[in-house]
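Visitor: Dropping the structure in here first, questions after.
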Amino acid sequence: MDDVLRPLIVVGGSVVLTLLLGWATDRLLRKADERHHETPLWGLLRRARVPYQLLLIAVLLRASYDETRLLTSHDVAVGRTLTLVLIGSAAWMAIRIAAAVVETSYTRYATNHRERDPARVRRVRTQVTLIRRVVSAVVGVVAVAAMLLTFPAMRAAGASLLASAGILGIVAGVAAQSTLSNMFAGLQIAFGDMVRIGDTVVVDGEWGTVEEITLTFLTVRTWDERRITMPVSYFTSKPFENWSRGTPQMTGTVFWHVDHSAPLDAMRAKLRDILRECPAWDGRACNLTVTDSTPSTLEVRALVTAKDADDIWTVRVEVRERMMRFLADEHPYALPRVNTADAVPPPRDGLEIAPSDGMPVPAARRAHAHPPRQPR
């Protein structure tokens with residue numbers, strides 16, 4: 001009877017105690033989250049309740065397993081399994097806590113600086129994302145190393161691995177040269193302020209917004225919802241356009257081809273009216289000038305401004321559409337026209353071009369060959 005009650009009490013007590021502690025901790029975190037709405041820390045810490053409970057039960061069972069006197073022939077295997085679970089759950093909980101602290105710090109910083117300096121907020125967001133990934137990678141590597149060291153065979157091989165660490169490092173460096181260069185490029189991007197999450201960039205002729213930055217690759221979301229994934233080393237070795245660098249304000253142009261008789265003053269007045277009714281225009285500048293001419297048309301350019309890249313696109317398309325509608329409705333003669341009439345050259349030195357063979361024929365001979373009809 002004692003052989004049945006002892007394991008049941010130890011294992012059952014560990015499970016019940018783990019559930020009670022997990023419930024009490026989650027209750028405290030929930031109350032703290034309700035009292036402090038200004039910080040998301042307590043709500044984010046609640047995400048660590050699963051690894052927290054797993055860590056608790058692993059610690060309790062690891063400490064009290066000897067008292068169960070259960071599976072005594074497999075004490076080593078059971079103890080090692082509980083140790084592996086303990087290490088894994090501790091690493092999992094450490095990653096969740098670190099992510100909660102980092103995310104809370106960023107949220108507090110972004111709340112205080114989003115209106116005054118949005119570019120710096122995007123820079124901090126990029127750095128926070130990469131720091132969280134680095135911390136997760138480091139904790140994961142340390143946890144895996146600790147798990148491997150629980151096996152005696154791995155501890156025995158540790159000395160030989162350390163002895164050959166120099167050679168292995170050289171081989172790994174040569175083999176993973178591209179990966180290492182991308183990792184260093186990712187750190188350079190994060191702390192060098194070259195490109196940030198949320199920046200508007202033009203890469204290989206594609207316009208889009210930086211959506212994700214990791215230690216090895218960068219994702220750009222284009223205007224048509226496509227995702228372009230590129231190695232981060234591209235941004236440290238090749239030129240690219242960053243429209244969000246410095247101030248996000250943008251200047252855009254709109255071109256039209258119109259007839260030489262187009263009413264330029266009326267077009268300038270209409271441009272000002274269009275921009276006053278366009279909420280995306282920031283009011284900094286508007287201008288309309290003739291930039292070029294051809295034998296049949298004039299090239300007219302409108303200069304407009306907006307607060308960022310998205311708004312400048314809206315302003316350009318609205319100005320282009322409404323100006324063309326204005327010309328078509330009120331000044332249709334100003335639209336470019338194509339002359340389709342046949343060109344007939346005038347008589348030259350009494351000669352005309354014969355329509356049959358193209359040879360010049362004297363006008364007098366043509367009149368003699370075809371005399372005028374006499375009236376009856």
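By convention here, the chains of the structure tokens are called A, B, ... in the order presented, each chain's residues are numbered starting at 1, and ligands are numbered starting at 1 in the order presented.
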Can you tell me which residues surround Thr83 in chain A at a distance of at most 12 Å, considering only C-alpha atoms, apart from same-chain residues fewer than 3 positions away, and format the answer as a PyMOL selection string?
Guide: chain A and resi 54-55+57-63+65+76-80+86-90+143+146-151
Visitor: Using only C-alpha atoms, determine which residues lie at most 6 Å from Leu303 in chain A, disregarding the query and same-chain residues fewer than 6 positions distant; provide the list as a JSON list (two decimals) with all heavy atoms, in the first residue's frame.
Guide:
[["chain", "number", "residue", "atom", "x", "y", "z"],
["A", 252, "GLY", "N", 6.72, 65.83, -55.16],
["A", 252, "GLY", "CA", 6.38, 65.02, -56.33],
["A", 252, "GLY", "C", 6.08, 65.88, -57.54],
["A", 252, "GLY", "O", 5.85, 67.09, -57.43],
["A", 253, "THR", "N", 6.10, 65.26, -58.70],
["A", 253, "THR", "CA", 5.84, 65.95, -59.96],
["A", 253, "THR", "C", 4.74, 65.24, -60.73],
["A", 253, "THR", "O", 4.57, 64.02, -60.63],
["A", 253, "THR", "CB", 7.11, 66.02, -60.82],
["A", 253, "THR", "OG1", 7.58, 64.69, -61.06],
["A", 253, "THR", "CG2", 8.18, 66.84, -60.16],
["A", 286, "CYS", "N", 3.35, 74.56, -54.37],
["A", 286, "CYS", "CA", 2.67, 74.12, -55.58],
["A", 286, "CYS", "C", 3.13, 75.03, -56.71],
["A", 286, "CYS", "O", 3.26, 76.24, -56.53],
["A", 286, "CYS", "CB", 1.16, 74.14, -55.42],
["A", 286, "CYS", "SG", 0.42, 75.79, -55.40],
["A", 287, "ASN", "N", 3.39, 74.45, -57.85],
["A", 287, "ASN", "CA", 3.94, 75.22, -58.96],
["A", 287, "ASN", "C", 3.59, 74.52, -60.26],
["A", 287, "ASN", "O", 3.51, 73.28, -60.30],
["A", 287, "ASN", "CB", 5.46, 75.34, -58.80],
["A", 287, "ASN", "CG", 6.06, 76.28, -59.82],
["A", 287, "ASN", "OD1", 5.35, 77.06, -60.45],
["A", 287, "ASN", "ND2", 7.38, 76.20, -59.99]]
Visitor: Any idea what's packed within 10 Å of range 332-334 of chain A, counting only C-alpha atoms, ignoring anything in its chain fewer than 3 positions away? Could you give it as a list in words?
Guide: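 Contacts, in chain order: His257, Val258, Asp259, His260, Ser261, Ala262, Pro263, Leu264, Thr297, Leu298, Met324, Arg325, Phe326, Leu327, Ala328, Asp329 and Arg337 of chain A.
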Visitor: Write the residues of the preceding selection, restricted to N, CA, C and O atoms, as a PDB file, in the first residue's frame.
Guide:
ATOM      1  N   HIS A 257       1.055  66.532 -71.388  1.00  0.00           N
ATOM      2  CA  HIS A 257       1.367  67.006 -72.735  1.00  0.00           C
ATOM      3  C   HIS A 257       0.107  67.660 -73.286  1.00  0.00           C
ATOM      4  O   HIS A 257      -0.934  66.995 -73.436  1.00  0.00           O
ATOM      5  N   VAL A 258       0.192  68.965 -73.567  1.00  0.00           N
ATOM      6  CA  VAL A 258      -0.971  69.730 -74.002  1.00  0.00           C
ATOM      7  C   VAL A 258      -0.643  70.461 -75.300  1.00  0.00           C
ATOM      8  O   VAL A 258       0.514  70.532 -75.736  1.00  0.00           O
ATOM      9  N   ASP A 259      -1.690  71.007 -75.903  1.00  0.00           N
ATOM     10  CA  ASP A 259      -1.531  71.764 -77.140  1.00  0.00           C
ATOM     11  C   ASP A 259      -0.859  73.117 -76.853  1.00  0.00           C
ATOM     12  O   ASP A 259      -0.887  73.608 -75.714  1.00  0.00           O
ATOM     13  N   HIS A 260      -0.273  73.691 -77.898  1.00  0.00           N
ATOM     14  CA  HIS A 260       0.397  74.981 -77.729  1.00  0.00           C
ATOM     15  C   HIS A 260      -0.562  76.086 -77.281  1.00  0.00           C
ATOM     16  O   HIS A 260      -0.124  77.077 -76.683  1.00  0.00           O
ATOM     17  N   SER A 261      -1.836  75.918 -77.561  1.00  0.00           N
ATOM     18  CA  SER A 261      -2.821  76.930 -77.180  1.00  0.00           C
ATOM     19  C   SER A 261      -3.420  76.697 -75.807  1.00  0.00           C
ATOM     20  O   SER A 261      -4.441  77.317 -75.464  1.00  0.00           O
ATOM     21  N   ALA A 262      -2.863  75.823 -75.002  1.00  0.00           N
ATOM     22  CA  ALA A 262      -3.423  75.496 -73.688  1.00  0.00           C
ATOM     23  C   ALA A 262      -3.419  76.731 -72.789  1.00  0.00           C
ATOM     24  O   ALA A 262      -2.455  77.506 -72.779  1.00  0.00           O
ATOM     25  N   PRO A 263      -4.465  76.938 -71.984  1.00  0.00           N
ATOM     26  CA  PRO A 263      -4.536  78.098 -71.077  1.00  0.00           C
ATOM     27  C   PRO A 263      -3.711  77.862 -69.813  1.00  0.00           C
ATOM     28  O   PRO A 263      -4.218  77.337 -68.812  1.00  0.00           O
ATOM     29  N   LEU A 264      -2.476  78.255 -69.819  1.00  0.00           N
ATOM     30  CA  LEU A 264      -1.569  77.977 -68.700  1.00  0.00           C
ATOM     31  C   LEU A 264      -2.006  78.688 -67.430  1.00  0.00           C
ATOM     32  O   LEU A 264      -1.925  78.121 -66.331  1.00  0.00           O
ATOM     33  N   THR A 297       3.244  69.626 -79.190  1.00  0.00           N
ATOM     34  CA  THR A 297       2.741  69.718 -77.820  1.00  0.00           C
ATOM     35  C   THR A 297       3.691  70.534 -76.949  1.00  0.00           C
ATOM     36  O   THR A 297       4.838  70.800 -77.319  1.00  0.00           O
ATOM     37  N   LEU A 298       3.171  70.889 -75.774  1.00  0.00           N
ATOM     38  CA  LEU A 298       3.958  71.461 -74.687  1.00  0.00           C
ATOM     39  C   LEU A 298       3.999  70.451 -73.537  1.00  0.00           C
ATOM     40  O   LEU A 298       3.002  69.785 -73.251  1.00  0.00           O
ATOM     41  N   MET A 324      -6.844  66.709 -65.987  1.00  0.00           N
ATOM     42  CA  MET A 324      -7.257  66.214 -67.301  1.00  0.00           C
ATOM     43  C   MET A 324      -8.762  66.347 -67.485  1.00  0.00           C
ATOM     44  O   MET A 324      -9.247  66.659 -68.577  1.00  0.00           O
ATOM     45  N   ARG A 325      -9.527  66.115 -66.433  1.00  0.00           N
ATOM     46  CA  ARG A 325     -10.977  66.281 -66.528  1.00  0.00           C
ATOM     47  C   ARG A 325     -11.342  67.752 -66.756  1.00  0.00           C
ATOM     48  O   ARG A 325     -12.257  68.075 -67.523  1.00  0.00           O
ATOM     49  N   PHE A 326     -10.609  68.658 -66.109  1.00  0.00           N
ATOM     50  CA  PHE A 326     -10.846  70.085 -66.288  1.00  0.00           C
ATOM     51  C   PHE A 326     -10.579  70.512 -67.734  1.00  0.00           C
ATOM     52  O   PHE A 326     -11.372  71.231 -68.340  1.00  0.00           O
ATOM     53  N   LEU A 327      -9.478  70.033 -68.306  1.00  0.00           N
ATOM     54  CA  LEU A 327      -9.166  70.398 -69.693  1.00  0.00           C
ATOM     55  C   LEU A 327     -10.178  69.796 -70.664  1.00  0.00           C
ATOM     56  O   LEU A 327     -10.585  70.451 -71.635  1.00  0.00           O
ATOM     57  N   ALA A 328     -10.570  68.563 -70.430  1.00  0.00           N
ATOM     58  CA  ALA A 328     -11.520  67.924 -71.345  1.00  0.00           C
ATOM     59  C   ALA A 328     -12.893  68.580 -71.297  1.00  0.00           C
ATOM     60  O   ALA A 328     -13.586  68.676 -72.319  1.00  0.00           O
ATOM     61  N   ASP A 329     -13.308  69.061 -70.124  1.00  0.00           N
ATOM     62  CA  ASP A 329     -14.646  69.643 -69.988  1.00  0.00           C
ATOM     63  C   ASP A 329     -14.687  71.107 -70.414  1.00  0.00           C
ATOM     64  O   ASP A 329     -15.652  71.543 -71.074  1.00  0.00           O
ATOM     65  N   ARG A 337      -3.430  67.143 -80.136  1.00  0.00           N
ATOM     66  CA  ARG A 337      -4.129  66.665 -81.327  1.00  0.00           C
ATOM     67  C   ARG A 337      -3.118  66.154 -82.335  1.00  0.00           C
ATOM     68  O   ARG A 337      -1.970  66.617 -82.380  1.00  0.00           O
TER      69      ARG A 337
END
Visitor: Might you pull out every residue within 8 Å of Val315 in chain A, with only C-alpha atoms counted and same-chain residues fewer than 6 positions away left off, and present them as a list in words?
Guide: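 Once the nearby chain positions are removed, what remains is Leu275, Cys278, Ala280, Trp281, Val304, Thr305 and Ala306 of chain A.
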Visitor: Measuring atom to atom with only C-alpha atoms, identify which of A:Asp310, A:Asp273, A:Glu225, A:Glu318 is nearest to Glu211 in chain A.
Guide: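 Counting only C-alpha atoms, the residue closest to Glu211 in chain A is A:Glu225.
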Visitor: Rounded to one decimal, what separation in Å do you get between CA of Arg133 in chain A and CA of Pro118 in chain A?
Guide: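 About the pair CA of Arg133 in chain A and CA of Pro118 in chain A: they are 22.9 Å apart.
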